[in-house]
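K.L.:
Dropping in model32.cif, with mmCIF, N, CA and C atoms, pLDDT in the B column; chains and numbers go by the auth columns.
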data_work
#
loop_
_atom_site.group_PDB
_atom_site.id
_atom_site.type_symbol
_atom_site.label_atom_id
_atom_site.label_comp_id
_atom_site.label_asym_id
_atom_site.label_seq_id
_atom_site.Cartn_x
_atom_site.Cartn_y
_atom_site.Cartn_z
_atom_site.B_iso_or_equiv
_atom_site.auth_seq_id
_atom_site.auth_asym_id
ATOM 1 N N MET A 1 100.483 118.938 126.794 56.00 72 A
ATOM 2 C CA MET A 1 101.173 119.135 125.527 56.00 72 A
ATOM 3 C C MET A 1 102.260 118.078 125.332 56.00 72 A
ATOM 4 N N LYS A 2 102.816 117.609 126.467 65.00 73 A
ATOM 5 C CA LYS A 2 103.869 116.615 126.385 65.00 73 A
ATOM 6 C C LYS A 2 103.353 115.310 125.773 65.00 73 A
ATOM 7 N N LYS A 3 102.098 114.932 126.137 64.00 74 A
ATOM 8 C CA LYS A 3 101.505 113.716 125.575 64.00 74 A
ATOM 9 C C LYS A 3 101.348 113.828 124.068 64.00 74 A
ATOM 10 N N VAL A 4 100.926 114.997 123.604 62.00 75 A
ATOM 11 C CA VAL A 4 100.759 115.216 122.168 62.00 75 A
ATOM 12 C C VAL A 4 102.098 115.095 121.457 62.00 75 A
ATOM 13 N N ASN A 5 103.132 115.717 122.014 71.00 76 A
ATOM 14 C CA ASN A 5 104.458 115.641 121.400 71.00 76 A
ATOM 15 C C ASN A 5 104.983 114.210 121.403 71.00 76 A
ATOM 16 N N ASN A 6 104.729 113.479 122.487 82.00 77 A
ATOM 17 C CA ASN A 6 105.160 112.094 122.582 82.00 77 A
ATOM 18 C C ASN A 6 104.430 111.242 121.542 82.00 77 A
ATOM 19 N N PHE A 7 103.116 111.470 121.401 79.00 78 A
ATOM 20 C CA PHE A 7 102.343 110.745 120.405 79.00 78 A
ATOM 21 C C PHE A 7 102.836 111.065 119.002 79.00 78 A
ATOM 22 N N LYS A 8 103.078 112.336 118.763 80.00 79 A
ATOM 23 C CA LYS A 8 103.557 112.781 117.452 80.00 79 A
ATOM 24 C C LYS A 8 104.899 112.113 117.134 80.00 79 A
ATOM 25 N N GLU A 9 105.788 112.071 118.116 85.00 80 A
ATOM 26 C CA GLU A 9 107.094 111.445 117.935 85.00 80 A
ATOM 27 C C GLU A 9 106.941 109.949 117.642 85.00 80 A
ATOM 28 N N LYS A 10 106.069 109.291 118.391 88.00 81 A
ATOM 29 C CA LYS A 10 105.846 107.855 118.176 88.00 81 A
ATOM 30 C C LYS A 10 105.238 107.594 116.806 88.00 81 A
ATOM 31 N N LEU A 11 104.329 108.451 116.393 87.00 82 A
ATOM 32 C CA LEU A 11 103.707 108.296 115.087 87.00 82 A
ATOM 33 C C LEU A 11 104.735 108.450 113.968 87.00 82 A
ATOM 34 N N PHE A 12 105.592 109.465 114.076 90.00 83 A
ATOM 35 C CA PHE A 12 106.628 109.644 113.065 90.00 83 A
ATOM 36 C C PHE A 12 107.624 108.482 113.067 90.00 83 A
ATOM 37 N N ASP A 13 107.929 107.953 114.239 93.00 84 A
ATOM 38 C CA ASP A 13 108.804 106.772 114.306 93.00 84 A
ATOM 39 C C ASP A 13 108.155 105.584 113.598 93.00 84 A
ATOM 40 N N GLN A 14 106.857 105.414 113.811 94.00 85 A
ATOM 41 C CA GLN A 14 106.151 104.314 113.152 94.00 85 A
ATOM 42 C C GLN A 14 106.146 104.496 111.642 94.00 85 A
ATOM 43 N N ILE A 15 105.919 105.713 111.200 95.00 86 A
ATOM 44 C CA ILE A 15 105.938 105.994 109.758 95.00 86 A
ATOM 45 C C ILE A 15 107.311 105.670 109.181 95.00 86 A
ATOM 46 N N LYS A 16 108.370 106.020 109.897 96.00 87 A
ATOM 47 C CA LYS A 16 109.724 105.684 109.440 96.00 87 A
ATOM 48 C C LYS A 16 109.895 104.177 109.314 96.00 87 A
ATOM 49 N N GLN A 17 109.387 103.441 110.299 97.00 88 A
ATOM 50 C CA GLN A 17 109.494 101.981 110.246 97.00 88 A
ATOM 51 C C GLN A 17 108.723 101.417 109.062 97.00 88 A
ATOM 52 N N TRP A 18 107.529 101.945 108.825 96.00 89 A
ATOM 53 C CA TRP A 18 106.752 101.485 107.675 96.00 89 A
ATOM 54 C C TRP A 18 107.450 101.829 106.367 96.00 89 A
ATOM 55 N N ASN A 19 108.033 103.007 106.285 96.00 90 A
ATOM 56 C CA ASN A 19 108.774 103.381 105.077 96.00 90 A
ATOM 57 C C ASN A 19 109.963 102.448 104.844 96.00 90 A
ATOM 58 N N THR A 20 110.647 102.109 105.922 97.00 91 A
ATOM 59 C CA THR A 20 111.778 101.181 105.817 97.00 91 A
ATOM 60 C C THR A 20 111.306 99.823 105.326 97.00 91 A
ATOM 61 N N ARG A 21 110.212 99.338 105.893 97.00 92 A
ATOM 62 C CA ARG A 21 109.672 98.038 105.479 97.00 92 A
ATOM 63 C C ARG A 21 109.234 98.081 104.017 97.00 92 A
ATOM 64 N N ARG A 22 108.597 99.180 103.608 97.00 93 A
ATOM 65 C CA ARG A 22 108.177 99.318 102.208 97.00 93 A
ATOM 66 C C ARG A 22 109.392 99.289 101.279 97.00 93 A
ATOM 67 N N ASP A 23 110.457 99.967 101.668 97.00 94 A
ATOM 68 C CA ASP A 23 111.678 99.968 100.855 97.00 94 A
ATOM 69 C C ASP A 23 112.288 98.563 100.772 97.00 94 A
ATOM 70 N N GLU A 24 112.252 97.829 101.878 97.00 95 A
ATOM 71 C CA GLU A 24 112.757 96.455 101.875 97.00 95 A
ATOM 72 C C GLU A 24 111.937 95.583 100.927 97.00 95 A
ATOM 73 N N LEU A 25 110.633 95.754 100.961 97.00 96 A
ATOM 74 C CA LEU A 25 109.771 94.989 100.062 97.00 96 A
ATOM 75 C C LEU A 25 110.043 95.354 98.606 97.00 96 A
ATOM 76 N N ASP A 26 110.246 96.634 98.332 97.00 97 A
ATOM 77 C CA ASP A 26 110.596 97.064 96.975 97.00 97 A
ATOM 78 C C ASP A 26 111.880 96.384 96.503 97.00 97 A
ATOM 79 N N ASP A 27 112.867 96.328 97.375 97.00 98 A
ATOM 80 C CA ASP A 27 114.134 95.685 97.023 97.00 98 A
ATOM 81 C C ASP A 27 113.944 94.196 96.742 97.00 98 A
ATOM 82 N N LYS A 28 113.149 93.527 97.568 97.00 99 A
ATOM 83 C CA LYS A 28 112.887 92.102 97.361 97.00 99 A
ATOM 84 C C LYS A 28 112.163 91.863 96.041 97.00 99 A
ATOM 85 N N ILE A 29 111.164 92.698 95.777 97.00 100 A
ATOM 86 C CA ILE A 29 110.405 92.563 94.528 97.00 100 A
ATOM 87 C C ILE A 29 111.325 92.782 93.335 97.00 100 A
ATOM 88 N N ASP A 30 112.159 93.809 93.384 97.00 101 A
ATOM 89 C CA ASP A 30 113.109 94.066 92.290 97.00 101 A
ATOM 90 C C ASP A 30 114.050 92.891 92.086 97.00 101 A
ATOM 91 N N PHE A 31 114.530 92.333 93.183 96.00 102 A
ATOM 92 C CA PHE A 31 115.445 91.196 93.105 96.00 102 A
ATOM 93 C C PHE A 31 114.753 89.990 92.460 96.00 102 A
ATOM 94 N N ILE A 32 113.523 89.743 92.847 95.00 103 A
ATOM 95 C CA ILE A 32 112.801 88.603 92.269 95.00 103 A
ATOM 96 C C ILE A 32 112.577 88.818 90.777 95.00 103 A
ATOM 97 N N TYR A 33 112.254 90.037 90.382 95.00 104 A
ATOM 98 C CA TYR A 33 112.111 90.322 88.950 95.00 104 A
ATOM 99 C C TYR A 33 113.431 90.068 88.207 95.00 104 A
ATOM 100 N N GLU A 34 114.538 90.412 88.820 94.00 105 A
ATOM 101 C CA GLU A 34 115.839 90.130 88.210 94.00 105 A
ATOM 102 C C GLU A 34 116.048 88.630 88.056 94.00 105 A
ATOM 103 N N LEU A 35 115.648 87.868 89.064 92.00 106 A
ATOM 104 C CA LEU A 35 115.754 86.410 88.976 92.00 106 A
ATOM 105 C C LEU A 35 114.888 85.862 87.844 92.00 106 A
ATOM 106 N N ILE A 36 113.696 86.380 87.742 91.00 107 A
ATOM 107 C CA ILE A 36 112.774 85.917 86.701 91.00 107 A
ATOM 108 C C ILE A 36 113.351 86.172 85.317 91.00 107 A
ATOM 109 N N ASP A 37 114.063 87.262 85.150 93.00 108 A
ATOM 110 C CA ASP A 37 114.650 87.613 83.856 93.00 108 A
ATOM 111 C C ASP A 37 115.770 86.658 83.431 93.00 108 A
ATOM 112 N N ARG A 38 116.310 85.908 84.377 89.00 109 A
ATOM 113 C CA ARG A 38 117.377 84.959 84.048 89.00 109 A
ATOM 114 C C ARG A 38 116.782 83.718 83.395 89.00 109 A
ATOM 115 N N GLU A 39 117.434 83.265 82.379 85.00 110 A
ATOM 116 C CA GLU A 39 116.939 82.100 81.645 85.00 110 A
ATOM 117 C C GLU A 39 117.050 80.809 82.446 85.00 110 A
ATOM 118 N N GLU A 40 118.048 80.699 83.306 86.00 111 A
ATOM 119 C CA GLU A 40 118.274 79.453 84.028 86.00 111 A
ATOM 120 C C GLU A 40 117.293 79.223 85.188 86.00 111 A
ATOM 121 N N VAL A 41 116.491 80.223 85.510 86.00 112 A
ATOM 122 C CA VAL A 41 115.529 80.075 86.603 86.00 112 A
ATOM 123 C C VAL A 41 114.307 79.318 86.075 86.00 112 A
ATOM 124 N N GLU A 42 113.965 78.252 86.788 89.00 113 A
ATOM 125 C CA GLU A 42 112.869 77.400 86.330 89.00 113 A
ATOM 126 C C GLU A 42 111.555 77.661 87.056 89.00 113 A
ATOM 127 N N ASN A 43 111.610 78.174 88.237 92.00 114 A
ATOM 128 C CA ASN A 43 110.399 78.344 89.045 92.00 114 A
ATOM 129 C C ASN A 43 109.817 79.754 88.940 92.00 114 A
ATOM 130 N N LYS A 44 109.669 80.223 87.725 91.00 115 A
ATOM 131 C CA LYS A 44 109.204 81.592 87.510 91.00 115 A
ATOM 132 C C LYS A 44 107.782 81.812 88.025 91.00 115 A
ATOM 133 N N LYS A 45 106.936 80.800 87.893 93.00 116 A
ATOM 134 C CA LYS A 45 105.558 80.948 88.364 93.00 116 A
ATOM 135 C C LYS A 45 105.519 81.149 89.874 93.00 116 A
ATOM 136 N N GLU A 46 106.312 80.389 90.612 95.00 117 A
ATOM 137 C CA GLU A 46 106.368 80.550 92.065 95.00 117 A
ATOM 138 C C GLU A 46 106.914 81.921 92.446 95.00 117 A
ATOM 139 N N LEU A 47 107.892 82.368 91.687 95.00 118 A
ATOM 140 C CA LEU A 47 108.463 83.687 91.959 95.00 118 A
ATOM 141 C C LEU A 47 107.442 84.797 91.703 95.00 118 A
ATOM 142 N N LEU A 48 106.663 84.650 90.655 95.00 119 A
ATOM 143 C CA LEU A 48 105.615 85.636 90.376 95.00 119 A
ATOM 144 C C LEU A 48 104.564 85.644 91.487 95.00 119 A
ATOM 145 N N ASN A 49 104.255 84.465 92.002 97.00 120 A
ATOM 146 C CA ASN A 49 103.318 84.392 93.128 97.00 120 A
ATOM 147 C C ASN A 49 103.896 85.082 94.358 97.00 120 A
ATOM 148 N N GLU A 50 105.180 84.909 94.581 96.00 121 A
ATOM 149 C CA GLU A 50 105.839 85.575 95.714 96.00 121 A
ATOM 150 C C GLU A 50 105.791 87.092 95.537 96.00 121 A
ATOM 151 N N ILE A 51 105.952 87.564 94.328 97.00 122 A
ATOM 152 C CA ILE A 51 105.852 89.004 94.057 97.00 122 A
ATOM 153 C C ILE A 51 104.457 89.503 94.405 97.00 122 A
ATOM 154 N N LYS A 52 103.438 88.737 94.059 98.00 123 A
ATOM 155 C CA LYS A 52 102.067 89.139 94.383 98.00 123 A
ATOM 156 C C LYS A 52 101.877 89.284 95.888 98.00 123 A
ATOM 157 N N VAL A 53 102.405 88.338 96.651 97.00 124 A
ATOM 158 C CA VAL A 53 102.292 88.386 98.107 97.00 124 A
ATOM 159 C C VAL A 53 103.022 89.613 98.655 97.00 124 A
ATOM 160 N N LEU A 54 104.246 89.816 98.196 98.00 125 A
ATOM 161 C CA LEU A 54 105.030 90.958 98.663 98.00 125 A
ATOM 162 C C LEU A 54 104.386 92.278 98.256 98.00 125 A
ATOM 163 N N ASP A 55 103.834 92.314 97.059 97.00 126 A
ATOM 164 C CA ASP A 55 103.206 93.541 96.577 97.00 126 A
ATOM 165 C C ASP A 55 101.945 93.862 97.381 97.00 126 A
ATOM 166 N N THR A 56 101.208 92.833 97.765 97.00 127 A
ATOM 167 C CA THR A 56 100.026 93.046 98.606 97.00 127 A
ATOM 168 C C THR A 56 100.439 93.630 99.958 97.00 127 A
ATOM 169 N N GLU A 57 101.475 93.071 100.540 97.00 128 A
ATOM 170 C CA GLU A 57 101.976 93.600 101.810 97.00 128 A
ATOM 171 C C GLU A 57 102.452 95.038 101.646 97.00 128 A
ATOM 172 N N ARG A 58 103.119 95.311 100.540 97.00 129 A
ATOM 173 C CA ARG A 58 103.608 96.657 100.272 97.00 129 A
ATOM 174 C C ARG A 58 102.450 97.643 100.150 97.00 129 A
ATOM 175 N N GLU A 59 101.392 97.240 99.457 97.00 130 A
ATOM 176 C CA GLU A 59 100.229 98.108 99.299 97.00 130 A
ATOM 177 C C GLU A 59 99.556 98.386 100.647 97.00 130 A
ATOM 178 N N GLU A 60 99.487 97.363 101.502 97.00 131 A
ATOM 179 C CA GLU A 60 98.905 97.550 102.827 97.00 131 A
ATOM 180 C C GLU A 60 99.728 98.546 103.651 97.00 131 A
ATOM 181 N N ILE A 61 101.027 98.429 103.561 97.00 132 A
ATOM 182 C CA ILE A 61 101.900 99.368 104.276 97.00 132 A
ATOM 183 C C ILE A 61 101.753 100.770 103.703 97.00 132 A
ATOM 184 N N GLU A 62 101.648 100.854 102.398 97.00 133 A
ATOM 185 C CA GLU A 62 101.460 102.161 101.748 97.00 133 A
ATOM 186 C C GLU A 62 100.160 102.808 102.234 97.00 133 A
ATOM 187 N N ASP A 63 99.106 102.017 102.368 97.00 134 A
ATOM 188 C CA ASP A 63 97.841 102.542 102.885 97.00 134 A
ATOM 189 C C ASP A 63 97.988 103.047 104.321 97.00 134 A
ATOM 190 N N LEU A 64 98.732 102.303 105.145 95.00 135 A
ATOM 191 C CA LEU A 64 98.972 102.734 106.528 95.00 135 A
ATOM 192 C C LEU A 64 99.736 104.052 106.571 95.00 135 A
ATOM 193 N N ILE A 65 100.737 104.160 105.724 95.00 136 A
ATOM 194 C CA ILE A 65 101.538 105.388 105.666 95.00 136 A
ATOM 195 C C ILE A 65 100.664 106.566 105.251 95.00 136 A
ATOM 196 N N ASP A 66 99.846 106.364 104.214 95.00 137 A
ATOM 197 C CA ASP A 66 98.957 107.440 103.755 95.00 137 A
ATOM 198 C C ASP A 66 97.997 107.874 104.860 95.00 137 A
ATOM 199 N N LEU A 67 97.418 106.897 105.540 93.00 138 A
ATOM 200 C CA LEU A 67 96.491 107.217 106.622 93.00 138 A
ATOM 201 C C LEU A 67 97.198 107.956 107.753 93.00 138 A
ATOM 202 N N ALA A 68 98.383 107.514 108.101 91.00 139 A
ATOM 203 C CA ALA A 68 99.138 108.175 109.170 91.00 139 A
ATOM 204 C C ALA A 68 99.448 109.620 108.811 91.00 139 A
ATOM 205 N N TYR A 69 99.856 109.859 107.563 90.00 140 A
ATOM 206 C CA TYR A 69 100.142 111.246 107.163 90.00 140 A
ATOM 207 C C TYR A 69 98.873 112.109 107.167 90.00 140 A
ATOM 208 N N LYS A 70 97.737 111.511 106.802 90.00 141 A
ATOM 209 C CA LYS A 70 96.483 112.270 106.870 90.00 141 A
ATOM 210 C C LYS A 70 96.179 112.653 108.313 90.00 141 A
ATOM 211 N N GLN A 71 96.426 111.735 109.229 85.00 142 A
ATOM 212 C CA GLN A 71 96.199 112.023 110.638 85.00 142 A
ATOM 213 C C GLN A 71 97.155 113.102 111.137 85.00 142 A
ATOM 214 N N VAL A 72 98.385 113.037 110.706 84.00 143 A
ATOM 215 C CA VAL A 72 99.370 114.063 111.073 84.00 143 A
ATOM 216 C C VAL A 72 98.892 115.424 110.583 84.00 143 A
ATOM 217 N N ASP A 73 98.475 115.481 109.313 84.00 144 A
ATOM 218 C CA ASP A 73 97.985 116.749 108.761 84.00 144 A
ATOM 219 C C ASP A 73 96.765 117.258 109.524 84.00 144 A
ATOM 220 N N LYS A 74 95.860 116.348 109.803 82.00 145 A
ATOM 221 C CA LYS A 74 94.608 116.738 110.451 82.00 145 A
ATOM 222 C C LYS A 74 94.825 117.230 111.880 82.00 145 A
ATOM 223 N N TYR A 75 95.584 116.499 112.658 77.00 146 A
ATOM 224 C CA TYR A 75 95.683 116.808 114.073 77.00 146 A
ATOM 225 C C TYR A 75 96.851 117.715 114.474 77.00 146 A
ATOM 226 N N PHE A 76 97.875 117.770 113.655 77.00 147 A
ATOM 227 C CA PHE A 76 99.047 118.551 114.068 77.00 147 A
ATOM 228 C C PHE A 76 99.293 119.794 113.230 77.00 147 A
ATOM 229 N N TYR A 77 98.826 119.803 111.983 77.00 148 A
ATOM 230 C CA TYR A 77 99.166 120.931 111.132 77.00 148 A
ATOM 231 C C TYR A 77 97.941 121.733 110.680 77.00 148 A
ATOM 232 N N ASN A 78 96.806 121.090 110.543 75.00 149 A
ATOM 233 C CA ASN A 78 95.598 121.776 110.072 75.00 149 A
ATOM 234 C C ASN A 78 94.522 121.687 111.138 75.00 149 A
ATOM 235 N N LYS A 79 94.741 122.305 112.234 64.00 150 A
ATOM 236 C CA LYS A 79 93.816 122.224 113.359 64.00 150 A
ATOM 237 C C LYS A 79 92.428 122.762 113.009 64.00 150 A
ATOM 238 N N ALA A 80 92.320 123.535 111.956 52.00 151 A
ATOM 239 C CA ALA A 80 91.046 124.098 111.569 52.00 151 A
ATOM 240 C C ALA A 80 90.147 123.095 110.858 52.00 151 A
ATOM 241 N N MET A 81 90.695 121.974 110.454 49.00 152 A
ATOM 242 C CA MET A 81 89.904 120.993 109.706 49.00 152 A
ATOM 243 C C MET A 81 88.833 120.365 110.548 49.00 152 A
#
Will you turn the file into structure tokens for me?

P.N.:
Amino acid sequence: MKKVNNFKEKLFDQIKQWNTRRDELDDKIDFIYELIDREEVENKKELLNEIKVLDTEREEIEDLIDLAYKQVDKYFYNKAM
């Protein structure tokens, strides 16, 4: 049972890390959008490309988080599944 609890703890720690990273990416994306809204910024196309890259990474992390929560539900809370 100790191994299961240790795994569960590690999984929740990983989910926290992914959530933190997702929040950081959200902040970066918001900041870049603010930069784009400024008239004096000339490299808007490059900034939009950077948003695409960050958004792709964010979506990948979101998928990992969703999968991890499904695993948590399946193995720790809904043993009948």

K.L.:
Find the residue from A:Arg129, A:Lys141, A:Lys81, A:Lys116 that sits nearest to Tyr104 in chain A; use only C-alpha atoms when measuring.

P.N.:
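The shortest atom-to-atom distance to Tyr104 in chain A comes from A:Lys116.
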
K.L.:
I need the residues in chain A that are alpha helix (DSSP H) according to DSSP; give them as a ChimeraX atom specification.

P.N.:
/A:73-108,115-143

K.L.:
Between CA of Tyr148 in chain A and CA of Asn76 in chain A, what distance in Å does the model show, to one decimal?

P.N.:
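These two atoms are separated by 12.7 Å.
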
K.L.:
Could you state which residues are captured by the PyMOL selection byres (((chain A and resi 92 and name CA) around 12) and name CA) in this file, as a list in words?

P.N.:
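Checking the PyMOL selection byres (((chain A and resi 92 and name CA) around 12) and name CA) against this file, the residues are Gln85, Ile86, Lys87, Gln88, Trp89, Asn90, Thr91, Arg93, Asp94, Glu95, Leu96, Asp97, Asp98, Lys99, Leu125, Asp126, Glu128, Arg129, Glu130, Glu131, Ile132, Glu133, Leu135 and Ile136 of chain A.
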
K.L.:
Between CA of Asp144 in chain A and atom C of Val124 in chain A, what is the distance, to one decimal in Å?

P.N.:
29.4 Å

K.L.:
What's around Leu106 in chain A at 9 Å? Count only C-alpha atoms, leave out sequence neighbours fewer than 5 positions away in its own chain, and write the answer as number ranges by chain.

P.N.:
A: 101, 111-112, 115, 118

K.L.:
Which of these residues is nearest to Thr127 in chain A, using only C-alpha atoms: A:Ile107, A:Phe78, A:Asp84, A:Ile100?

P.N.:
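Among the listed residues, A:Ile100 lies closest to Thr127 in chain A.
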
K.L.:
Kindly provide, as AutoDock Vina command-line options, the centre and edge lengths (Å, one decimal) of an axis-aligned box around all atoms of range 83-87 of chain A given in the file, with 8 Å on each side.

P.N.:
--center_x 107.7 --center_y 106.9 --center_z 111.7 --size_x 20.3 --size_y 21.5 --size_z 21.1

K.L.:
Tell me, in Å to one decimal, how far CA of Ile122 in chain A is from atom N of Ile103 in chain A.

P.N.:
7.8 Å
